[in-house]
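Asks: This is the structure I want to talk about, given as structure tokens.
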Amino acid sequence: MKTAIYNKIKGVVKGLLPVYLFTFLPLSVMAQDMKTVSGYVIDAATGKPLPGVIVEAYGNHRYTAMTDELGAYELKVPEYVSSVSMRVEGYQLLQKAIRTDIDKTNGQLYPNTFSSIYERTTESSSSRRAEKFDNTAQLSIDPLVAEQLGADIHSVARSGQLGIGNTMFMNGLTSLQTNAQPLIVIDGVITDMQNDRQMLHQGYYNNILANLNVNDIESVTVLKNGTAIYGAKAAGGVILIKTKRNKSMATKIDVNINGQFMLQPTLPKMMGAEQYRLYATEMLGGLTDNVQTMEFVNADPTNFYYKTYHNNTDWTKEVYHNTFVSNYGINVQGGDDVANYNLSVGYSFGEATQRGNDFSRFNMRLNTDIHVFRGLDVRFDAAYSDVTRDLRDDGAPADLTTGTITSPGFLSLVKSPFLAPYAYDVNGLQSRYLSEADNYLVKAFGYGSELLQKDNIDYVKGVSLANPVGILKLGDGENRNEAGNRMVAFSITPRYQFNGHLSLQEHFNFTLVNTNENYYLPREGTPPFILIANSDDQAENMAQSMAARQNAILSDTRLMWNNRYGAHKIDIFGGVRYQTNKYKLTAQRGYDTGNDKYPSTGNTNSKYRTTWGADDKTRELTWYAQADYNWAEKYYLEAGFSAETSSRFGEDADGLKLGGVVWGLFPSVNAAWVLSNEKWLANVNGIDYLRLNVGFDVTGNDNIDYTASKTYFVANNMLNQKVDGKSIGNIGNTSLKWETTNRLTVGLEGNFINNRLNAHVNYFKGWTKNLLTLRQLAWTSGLAESWSNDGKLENEGFEVGASMKVLNLKDFTWELGATAGHYVNKITALPNNDKAFETEAYGATILSQVGTAAGVFYGYKTNGVYATQAEADADGYYQVDSRDQKEYFGAGDMRFVDKDNNGVIDDNDRFIIGDPNPDVYGNIYTHFNYKNWSLSAVMRYSLGNDVYNYQRSLLEGGSRFYNQTTAMLSRWTSEGQQTDMPRICYGDPMGNSRFSDRWIEDGSYLRLSNVTLSYAIPIRSTYLQGITLWGGAYNLFTITRYLGSDPDCGVSGDTLLQGIDRGLQANSRSFALGVKVNL
Amino acid sequence: MIGVGCLLMATSAMFTSCSDLMETDSELVEYEKDNHLDSPSDTVYSVMGIIYKMQAIADRTVLLGELRGDLSTTTASASKDLKNIANFEIDTENAYNRISDYYAIINNCNYYLKNVKKDLVRHDRTVFEHEYAAVKAFRAWTYLQLAQVYGEVPLVTEPLLTEEAAQAAMQQTPEGIVAICNYFIDDLKPYIDTPLPNYGNINEQPSRRFFIPVRPLLGDLCLWAGRYQEAAQYYHDYLALRTNPVTTGIDHAYWRDTDTKEFRNADNNFSFSGSERLCYIPMETGKFYGIKSELNELFNSTTLNNFYAQVTPTKRLADMSYAADYCYVQKNVDGSLDTLYAPKDNLYESEYAGDLRFGTIYSKRVYSVDRFQRESNVLQNINKFSNSGVTLYRTNMLYLRYAEALNRAGCPQSAFAILKYGIYPDMVAKYVDSLEQVKAGSLIDFDVIMFTADNTQGVHSRGCGNAECDTLYRLPMPAPGEAATRQDTIDYQIPLLEDMIINEMALEGAFEGYRYYDLMRVALRRNKPEYLATPISSRDGSENATLKALLMDKKNWYLPRP
């Protein structure tokens, strides 16, 4: 055994030897011995010989042959050639190691209805690719990437809003307090996804990727390593998006039309009118003696208010509906030997299942490749898109102490079902006038401090709820609730080819993203609300507007050289990239427009009008180089390097100081070894291909607050905004620098059993240091904290995948595959001497501490409900309120776990009660093809991730007059009652609904996210190349124990805010029908 | 072509210097390099920026001085932080213990003082002279606060613009109050005659009141440093200034119905936010705009706190008030005058007993309780707080400090005149003997036209009726034969009169945050911790031995630093 291994190693060393030698050897010395390779190529299904198959030395098109009618070929290749590739239209490319034990190198080709498993060239870096985004009704690429690259990207849907996309993470979580999502590179342009930008509408995210039409995208590639040229930005991973370009001379016209019918999402089951009336009455019992005098409990049908308070409204029906989304697109490709073009125009529009949210997009893209004269080619690309949306606030409010609930979706759950959306007139008939905000509880809240007034009607502060129909109807209109996003991108890329080996290219790009948003909360139907907790400042409605403009300029100049010296192949490129990015935002918010006719901020009361903005300018300069070398298509080695300087870096940061600035250096090295091309493996049956790759990348995250390294002054608006003060806002951390992630990747990919089985595994371990974190400043500075590089974390994980060609018959093929991804994230150091810190959001506490993963939930554990007072007394637990007074838990209260056994339930009794990071996630997919029919299905899954169901904590908290789910029917009401739902009590003085394990749920799910059946009508004429009809079903079913609408949900792309469900509109079941016509 | 331009730019930058290329600016913030402080608007903004930072500690100046004293305490509904202040259990988590807020003021002051082009002259006028002096005063005042609150603190007078500098400053050997006062006395002295800036009215408030007058501040610094003669001089010079005289005024609390001897309705004509107020930190009138003073919500029942006040007077304050006598002069039918004293029992309100200041500014009503009432049924009102700002200097308190300084400077008769008669030429002639008049000299020199009985009264009269006629209220005198020399008499009088002055300060300045530091100052001066420990530990009427023991150790007088 030992000898065998020794021999293998010797073989490797021998193989690698020329790498060291070739530089010293004169080229002429490398005389080549030739050998002959021959064999047959057959169809794997039928066994019939395939003529016309191009067989060439793998990766080297100088040695090419073609099969004859018998499928036979003979190819003379240099001695070092170890594998050949075989390709022909309609079949998958095959790479085949040259066998030495038998004299034939035969190939069996599979039809290209299977996913491809070989590439024409091999790289030493490792990547995964998603492609073929045909026959889909998706508006944005990110959900499709999630479907195809299930394990490679941990992807979470942002919501069911149209085209809002997914939050993505790669290689674990590589940052704590700054953006950790991957870098997106669209056709070579690093594109700002505006991840940190705040929008006016709650629950809305401005998805820049929605500017790309899915039909324009050729492929999406995820880089596992070899990311040096993106070094300072690559720590969160790199995703390359390539748009379609023309490749053939024939003119092709594709027309795509499809429509998608979306069903209402599943919503929590809320109590009906009478159940709620009982709930409200019970809660009032603790507030007033006068319950019986309140109009809504009066059951006398002759009472004037009877009709007002005796409806059974399902408010969700007013807010959600089934809806239709349609897509139209045309794509024209063509060209000649001078110019090639790909022009596409698309239009999509539709409404989301939650009313008041719609989407329309017009997009146009022209990609051209022009051959100017001998040696000079120019690529010229232009793209324009305009996304316009109607929006409303979405989700449970983050802050319940101020404002009023403005999200129609959440209101439709919590609004009292005994009320009606339209008012009753004096004759007791329902009118077409909207009901005002509810005020049926006013009597219980007495007088004075708890009431607010509007139009001489009293409302209860924070209790009266708006009429969601009012927000939907009166908020409609261009100048009310609309967001627009226009993206213009323009690229020109001249490339001069000096000779067959050397070329120079300049890529210039200009991208402009204009975003504007209007927000209007109508006055009618909305109760007055307070602006700041514990203040007198109040308002009746609100208008906001925002306009932002981002423009980015990129200049990327690159010199490229490549050559082959026998078995040695070398590719080198290097260049300089200069980027500027400007983002300017102006926004204004005001209150009290007086009426709903003039919804602009200009009509708001100047007393509470505020403006804010952003003016970010960054510049970066990067020098980069990359060299690829391979020997005999067996041993691959790549070394890359980049040096970036950025206006974000502090002037005294550690790093290379040159030219008066600091440079971050980012090398990466990776190597691949195609084991199956070694003689000792080429002859082993059952193993068709085996490749090992190893990489080590040093990457950075330069997403530093662009002013953090500078000392600066800020304006302080003061004395009722009558004057500005100016004071020190920051003392610059001049040593501020990028976060650094070192990552080791090891991967193995293989094809087995006649290429029937493809399997890959990729392991990574990443060490991130210099985390951008907020560090406490010395108190003598007068400032609380500043950004610094402090803290470390680690990520370790793997992705595995396998796909199987289960059946390959003449007319029928079946492929089945699955992937699984896993990562473990661990914080290993924190600033302020490893001091743990807590982040509060949506009522949750998120703990960051050394030794645990980022984003873990930190709260109380519960152990049932006290059925009797005696049980509670036996425990004798109490809490201390903000006034330092003891309050004892009683019958009907939650029994919290007293971690430190001291009788008092306080902060010290908190545990880590959940971890939003999944154990395993990925996909399972299958494709069937029968003649012109094809059927594919994708399931996505996530296991072991916890979700904090914030919305449920409000729907089952029993602490407010919000309508509750039917689960609350089993609430504790009487001594001795055994239940797991505590008593209800206005304001929840005992904190029964506090952040605890009651709201942490297992978010594991398995979802059939996509089933698509298509049929290519066999028509072929001069004018019509083909018609494909297809039908798709999305989210057909989800297997989960999660109680919310959708376990695949999130509130934010922030690392620390993962796994929180605020009840944003959920993705729902939908059905699509489409036709694709090729002219 | 732009691409090529960029390329050229990038390449040339690589070979020359990239630092210019990488430089960006912003319209939202102003980088330090761009902040030149050489135009009037620049410096106005910077000065307002300092006031903005002072807003953060405004409430604290009152709460830390009041709650730790013996005149106020917390109610059951007080927050834990306030309760802990009252109990001297303040940790570094306490919201009112944020030392960095003080240094925020100081750092901004230091930056201004270091960088303003103070010698810039335009139209024969030094442009920034007024602001420069005002900022020096802000800084000195803040240090005095710091020293009172924290005992010893690093004395930093250079701007800290890097974390390293801030760290180094934090490690500096801290200075005590005397050293700090001495430093700033020298620092401020050159600016005693520099007028304060005046930007007119801002948000309907007189901006000149936002600035700390230099002389009273110097008086305070000298008083803490034990330089009494100088202190008296600074106070005097400020009050007696002919161009802007500051008189005690004749506002007072009074019985409306002394004639009928019913003693039902007591009243006052005080205005703590009007002419009394010499300097204050302007605050926002709504939370929406920034920091609004919470004092009104803490001391009073309002709709915002559901009528739950968190701070309430102590028994000790009531006792002190009770111990005083309200003296009034009744004109009889025959034209003769009778000096009478208001009764102390069976009054319409028990708080009206003795000194009326407490009774007239404080009221408490208890209503019947509804089972479900979420609002407090105890309505408390203390009429001393203004929404527009937190007072730093007030006329009558300044007179009392002037008295304290005069007394310690060896002029007890003059000091006593301030309490009982009001200090003005007529009264000086009448109640200060010639020897002391000579000794005091310019310390008690007031303009005969500006300072008269029409605008000046003894501070004691503000709550105790006609103090001048009150024969029970007198300058302590040694028993016959006890004092051999005049100096012995003075030495006998000084501590006793000091007690009276401090007592008067309590009655006059209750709830305003002075008390704890007044006790501390005298306790330090006499090196007798019990001067502070005894009254505070018995604020509830009986002595709390644990608290007393705690307070007998000076180190517990101060807040812990982080």
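Residues are named by chain letter and number: chains run A, B, ... in the order of the structure tokens, numbers start at 1 in each chain, and ligands are numbered from 1 in the order shown.
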Quick one: which residues from chain B are at most 6 Å off chain A, using only C-alpha atoms, as a ChimeraX atom specification?

Replies: /B:3,17-19,22-23,26,29-32,45-46,48-49,77-80,100-101,103-104,161-162,166-167,170,284,289,303-304,372

Asks: Quick one: residues within 8 Å of region 118-129 of chain B, only C-alpha atoms counted, chain neighbours fewer than 5 positions away excluded, as a list in words?

Replies: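 Using only C-alpha atoms, the neighbours found are Asp38, Pro40, Thr43 and Thr194 of chain B.
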
Asks: With a distance cut-off of 6 Å and only C-alpha atoms, select the neighbouring residues of region 791-793 of chain A, excluding the residue or stretch itself and same-chain residues fewer than 2 positions from it, and output the selection as a ChimeraX atom specification.

Replies: /A:768-771,826-831

Asks: Expressed in Å to a single decimal, how great is the separation between CA of Thr105 (chain A) and CA of Glu74 (chain A)?

Replies: 9.7 Å

Asks: Report the closest atom pair, with its distance in Å rounded to one decimal, for each residue of region 361-467 of chain A that has an atom no farther than 12 Å from region 148-172 of chain A; count only C-alpha atoms, sort by chain and then rising residue number, and write it as CSV.

Replies:
```
residue,atom,partner,partner_atom,distance
A:Arg361,CA,A:Gly163,CA,9.9
A:Val387,CA,A:Gly163,CA,9.8
A:Thr388,CA,A:Leu162,CA,11.1
A:Arg389,CA,A:Leu162,CA,9.1
A:Asp390,CA,A:Leu162,CA,10.6
A:Leu391,CA,A:Gln161,CA,9.3
A:Arg392,CA,A:Gln161,CA,10.5
A:Asp393,CA,A:Gln161,CA,11.3
A:Asp394,CA,A:Gln161,CA,9.4
A:Gly395,CA,A:Ser159,CA,9.8
A:Gly409,CA,A:Gly160,CA,12.0
```

Asks: Which of these residues is nearest to Leu955 (chain A), using only C-alpha atoms: A:Met271, A:Val897, A:Ile1017, A:Leu366?

Replies: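 The closest residue to Leu955 (chain A) is A:Met271.
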
Asks: Would you mind listing what lies within 9 Å of Pro478 (chain B) as a PyMOL selection string, with only C-alpha atoms counted and same-chain residues fewer than 3 positions away left out?

Replies: chain B and resi 481-483+488-489+492-493

Asks: One number please: CA of Pro213 (chain B) to CA of Asn97 (chain B), in Å, one decimal.

Replies: 26.7 Å

Asks: So that I can see what lies close to Gln55 (chain B), please list as a PyMOL selection string the residues with an atom at most 9 Å from it, counting only C-alpha atoms and leaving out residues fewer than 4 positions away in the same chain.

Replies: chain B and resi 50-51+59+281-284+291-293+389-390

Asks: What would the file look like if the residues just selected were written as a compact mmCIF listing (two decimals), in the first residue's frame with C-alpha atoms?

Replies:
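selection_31.txt was written with the following content:
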```txt
# COMPACT_ATOMS: atom_id res chain seq x y z
CA ILE B 50 -21.56 73.70 22.65
CA ILE B 51 -24.91 74.76 24.05
CA ASP B 59 -31.31 68.03 33.93
CA ILE B 281 -29.35 76.26 29.41
CA PRO B 282 -32.03 76.66 26.75
CA MET B 283 -33.94 73.45 26.14
CA GLU B 284 -36.23 72.21 23.44
CA ILE B 291 -33.67 67.22 24.42
CA LYS B 292 -36.50 68.61 26.44
CA SER B 293 -36.04 69.10 30.16
CA GLY B 389 -34.54 75.92 30.08
CA VAL B 390 -32.64 74.81 33.13
```

Asks: Distance CA of Tyr199 (chain B)-CA of Thr142 (chain B), one decimal place?

Replies: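 The value is 22.2 Å.
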
Asks: Name the residues in contact with Arg129 (chain A) at a cut-off of 10 Å, using only C-alpha atoms, excluding same-chain residues fewer than 6 positions from it; report them as a ChimeraX atom specification.

Replies: /A:145,148-149,152,219-223,239-241

Asks: For a quick check of understanding, using only C-alpha atoms, which of A:Asp187, A:Asp915, A:Glu749, A:Glu838 has the smallest distance to Asn945 (chain A)?

Replies: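 Among A:Asp187, A:Asp915, A:Glu749, A:Glu838, it is A:Asp915 that comes nearest to Asn945 (chain A).
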
Asks: Name the closest residue to Ile202 (chain B) among the candidates B:Thr74, B:Thr24, B:Ser388, B:Asn110; distances are taken between atoms, counting only C-alpha atoms.

Replies: B:Ser388
